[in-house]
file data02.tsv (TSV, C-alpha atoms)
chain	number	residue	atom	x	y	z
X	23	MET	CA	-14.19	-2.88	9.34
X	24	ILE	CA	-14.43	-0.11	6.74
X	25	THR	CA	-12.72	2.31	9.12
X	26	HIS	CA	-9.93	-0.19	9.72
X	27	LEU	CA	-9.44	-0.75	5.97
X	28	ARG	CA	-9.42	3.01	5.31
X	29	GLN	CA	-6.82	3.55	8.02
X	30	SER	CA	-4.76	0.62	6.75
X	31	PHE	CA	-4.89	1.99	3.18
X	32	THR	CA	-3.80	5.44	4.33
X	33	GLN	CA	-0.89	4.11	6.35
X	34	THR	CA	0.28	1.74	3.62
X	35	ALA	CA	-0.05	4.26	0.79
X	36	LEU	CA	1.74	7.02	2.69
X	37	GLY	CA	4.47	4.66	3.87
X	38	SER	CA	5.00	3.35	0.34
X	39	ILE	CA	5.15	6.83	-1.17
X	40	LEU	CA	7.69	7.95	1.41
X	41	TRP	CA	9.74	4.75	1.02
X	42	VAL	CA	9.86	4.93	-2.80
X	43	PHE	CA	10.60	8.66	-2.69
X	44	LEU	CA	13.44	8.09	-0.22
X	45	LEU	CA	14.94	5.33	-2.35
X	46	SER	CA	14.65	7.39	-5.52
X	47	THR	CA	16.36	10.38	-3.94
X	48	ILE	CA	19.22	8.17	-2.75
X	49	VAL	CA	19.65	6.51	-6.14
X	50	TYR	CA	19.16	9.62	-8.33
X	51	GLN	CA	21.18	12.19	-6.39
X	52	GLY	CA	21.82	15.45	-8.21
X	53	LEU	CA	19.43	14.76	-11.10
X	54	ASP	CA	16.45	16.90	-11.96
X	55	ILE	CA	13.25	14.93	-11.51
X	56	PRO	CA	10.47	15.68	-14.02
X	57	PHE	CA	6.99	16.38	-12.70
X	58	HIS	CA	5.41	13.27	-14.23
X	59	TYR	CA	7.89	11.16	-12.25
X	60	VAL	CA	6.30	12.43	-9.04
X	61	TRP	CA	2.92	11.20	-10.29
X	62	ASN	CA	4.51	7.81	-10.94
X	63	LEU	CA	5.73	7.70	-7.33
X	64	ILE	CA	2.27	8.62	-6.05
X	65	SER	CA	0.61	5.99	-8.24
X	66	ILE	CA	3.02	3.31	-6.99
X	67	GLY	CA	2.09	4.26	-3.43
X	68	VAL	CA	-1.65	4.20	-4.16
X	69	ILE	CA	-1.45	0.82	-5.91
X	70	SER	CA	0.52	-0.70	-3.04
X	71	GLY	CA	-1.95	0.90	-0.61
X	72	ILE	CA	-4.83	-0.77	-2.41
X	73	ILE	CA	-3.10	-4.16	-2.55
X	74	PHE	CA	-1.49	-4.30	0.89
X	75	GLY	CA	-3.83	-1.94	2.75
X	76	ILE	CA	-7.24	-3.10	1.55
X	77	ILE	CA	-7.19	-6.35	-0.43
X	78	TYR	CA	-4.67	-8.29	1.67
X	79	PRO	CA	-6.24	-7.51	5.10
X	80	TYR	CA	-9.75	-8.14	3.74
X	81	LEU	CA	-8.81	-11.52	2.27
X	82	TRP	CA	-6.82	-12.41	5.40
X	83	GLY	CA	-9.82	-11.64	7.65
X	84	MET	CA	-12.22	-13.50	5.38
X	85	GLN	CA	-9.93	-16.54	5.36
X	86	LEU	CA	-9.68	-16.51	9.16
X	87	LEU	CA	-13.46	-16.28	9.53
X	88	ARG	CA	-13.94	-19.22	7.18
X	89	HIS	CA	-11.28	-21.21	9.04
X	90	LYS	CA	-12.98	-20.50	12.39
X	91	ARG	CA	-16.33	-21.68	11.02
X	92	ILE	CA	-14.78	-24.93	9.77
X	93	LEU	CA	-13.21	-25.63	13.17
X	94	SER	CA	-16.40	-24.86	15.09

call {"tool": "encode", "arguments": {"input": "data02.tsv", "output": "structure tokens"}}
result
Amino acid sequence: MITHLRQSFTQTALGSILWVFLLSTIVYQGLDIPFHYVWNLISIGVISGIIFGIIYPYLWGMQLLRHKRILS
């Protein structure tokens, strides 16, 4: 399960970073982007990776296991 959560975090964080970076380049065309803005993009990706890559799948799996035990 740890391997699955690590892989899920990596995929979600990288996908979020790329998605936010793509949207920011479309919206802010022709502007110089300061270096601390890049760290903000990376932190948004890491936070969404933690929430949607680790916490959400873990809680979803725990809820399904509890639901299966109730039905059994």

call {"tool": "atom_distance", "arguments": {"input": "data02.tsv", "atom1": "CA of Thr32 in chain X", "atom2": "CA of Leu86 in chain X"}}
result
23.2 Å

call {"tool": "atom_distance", "arguments": {"input": "data02.tsv", "atom1": "CA of Phe43 in chain X", "atom2": "CA of His26 in chain X"}}
result
25.6 Å

call {"tool": "closest_residue", "arguments": {"input": "data02.tsv", "among": "X:Val60, X:Met84, X:Ile77, X:Leu44", "to": "Arg28 in chain X", "atoms": "all atoms listed in the file"}}
result
X:Ile77

call {"tool": "decode", "arguments": {"input": "data02.tsv", "residues": "range 38-49 of chain X", "atoms": "all heavy atoms", "output": "CSV table (one decimal), in the first residue's frame"}}
result
chain,number,residue,atom,x,y,z
X,38,SER,N,-0.1,18.0,-11.2
X,38,SER,CA,-0.6,19.3,-10.7
X,38,SER,C,0.4,20.4,-11.0
X,38,SER,O,0.0,21.5,-11.4
X,38,SER,CB,-0.8,19.3,-9.2
X,38,SER,OG,-1.8,18.3,-8.9
X,39,ILE,N,1.7,20.1,-10.9
X,39,ILE,CA,2.7,21.1,-11.2
X,39,ILE,C,2.7,21.5,-12.7
X,39,ILE,O,2.7,22.7,-13.0
X,39,ILE,CB,4.1,20.6,-10.8
X,39,ILE,CG1,4.2,20.6,-9.2
X,39,ILE,CG2,5.2,21.5,-11.3
X,39,ILE,CD1,5.5,19.9,-8.7
X,40,LEU,N,2.6,20.5,-13.5
X,40,LEU,CA,2.5,20.7,-14.9
X,40,LEU,C,1.3,21.5,-15.3
X,40,LEU,O,1.3,22.4,-16.2
X,40,LEU,CB,2.7,19.4,-15.7
X,40,LEU,CG,4.0,18.7,-15.6
X,40,LEU,CD1,3.9,17.4,-16.4
X,40,LEU,CD2,5.1,19.6,-16.2
X,41,TRP,N,0.1,21.1,-14.7
X,41,TRP,CA,-1.1,21.7,-15.0
X,41,TRP,C,-1.1,23.2,-14.6
X,41,TRP,O,-1.5,24.1,-15.4
X,41,TRP,CB,-2.3,21.0,-14.4
X,41,TRP,CG,-3.6,21.5,-14.7
X,41,TRP,CD1,-4.4,22.1,-13.8
X,41,TRP,CD2,-4.3,21.5,-15.9
X,41,TRP,NE1,-5.6,22.4,-14.4
X,41,TRP,CE2,-5.5,22.1,-15.7
X,41,TRP,CE3,-4.0,21.0,-17.2
X,41,TRP,CZ2,-6.5,22.2,-16.8
X,41,TRP,CZ3,-4.9,21.1,-18.2
X,41,TRP,CH2,-6.1,21.7,-18.0
X,42,VAL,N,-0.7,23.5,-13.4
X,42,VAL,CA,-0.6,24.9,-12.9
X,42,VAL,C,0.4,25.7,-13.7
X,42,VAL,O,0.1,26.8,-14.1
X,42,VAL,CB,-0.3,24.9,-11.4
X,42,VAL,CG1,-0.1,26.3,-10.9
X,42,VAL,CG2,-1.5,24.3,-10.6
X,43,PHE,N,1.5,25.1,-14.1
X,43,PHE,CA,2.5,25.8,-14.9
X,43,PHE,C,2.0,26.1,-16.3
X,43,PHE,O,2.2,27.2,-16.8
X,43,PHE,CB,3.8,25.0,-15.0
X,43,PHE,CG,4.9,25.6,-15.7
X,43,PHE,CD1,5.6,26.7,-15.1
X,43,PHE,CD2,5.3,25.2,-16.9
X,43,PHE,CE1,6.6,27.3,-15.7
X,43,PHE,CE2,6.3,25.9,-17.6
X,43,PHE,CZ,7.0,26.9,-17.0
X,44,LEU,N,1.3,25.2,-16.9
X,44,LEU,CA,0.7,25.4,-18.2
X,44,LEU,C,-0.4,26.5,-18.1
X,44,LEU,O,-0.3,27.4,-19.0
X,44,LEU,CB,0.0,24.1,-18.7
X,44,LEU,CG,-0.7,24.2,-20.0
X,44,LEU,CD1,0.4,24.4,-21.2
X,44,LEU,CD2,-1.5,23.0,-20.3
X,45,LEU,N,-1.2,26.5,-17.1
X,45,LEU,CA,-2.2,27.5,-17.0
X,45,LEU,C,-1.6,28.9,-16.8
X,45,LEU,O,-2.0,29.9,-17.3
X,45,LEU,CB,-3.2,27.2,-15.9
X,45,LEU,CG,-4.2,26.1,-16.2
X,45,LEU,CD1,-5.0,25.8,-14.9
X,45,LEU,CD2,-5.1,26.4,-17.4
X,46,SER,N,-0.5,28.9,-15.9
X,46,SER,CA,0.1,30.2,-15.7
X,46,SER,C,0.8,30.8,-16.9
X,46,SER,O,0.9,32.0,-17.1
X,46,SER,CB,1.0,30.1,-14.5
X,46,SER,OG,2.1,29.3,-14.8
X,47,THR,N,1.4,29.9,-17.7
X,47,THR,CA,2.1,30.4,-18.9
X,47,THR,C,1.1,30.9,-19.9
X,47,THR,O,1.3,31.8,-20.7
X,47,THR,CB,3.0,29.3,-19.5
X,47,THR,OG1,2.2,28.2,-19.8
X,47,THR,CG2,4.1,29.0,-18.7
X,48,ILE,N,-0.1,30.3,-20.0
X,48,ILE,CA,-1.2,30.8,-20.9
X,48,ILE,C,-1.7,32.1,-20.4
X,48,ILE,O,-1.9,33.0,-21.2
X,48,ILE,CB,-2.3,29.7,-21.0
X,48,ILE,CG1,-1.8,28.5,-21.7
X,48,ILE,CG2,-3.5,30.3,-21.7
X,48,ILE,CD1,-2.8,27.3,-21.8
X,49,VAL,N,-1.9,32.3,-19.1
X,49,VAL,CA,-2.5,33.5,-18.6
X,49,VAL,C,-1.5,34.6,-18.6
X,49,VAL,O,-1.9,35.8,-18.9
X,49,VAL,CB,-3.1,33.2,-17.2
X,49,VAL,CG1,-3.5,34.5,-16.5
X,49,VAL,CG2,-4.2,32.3,-17.2
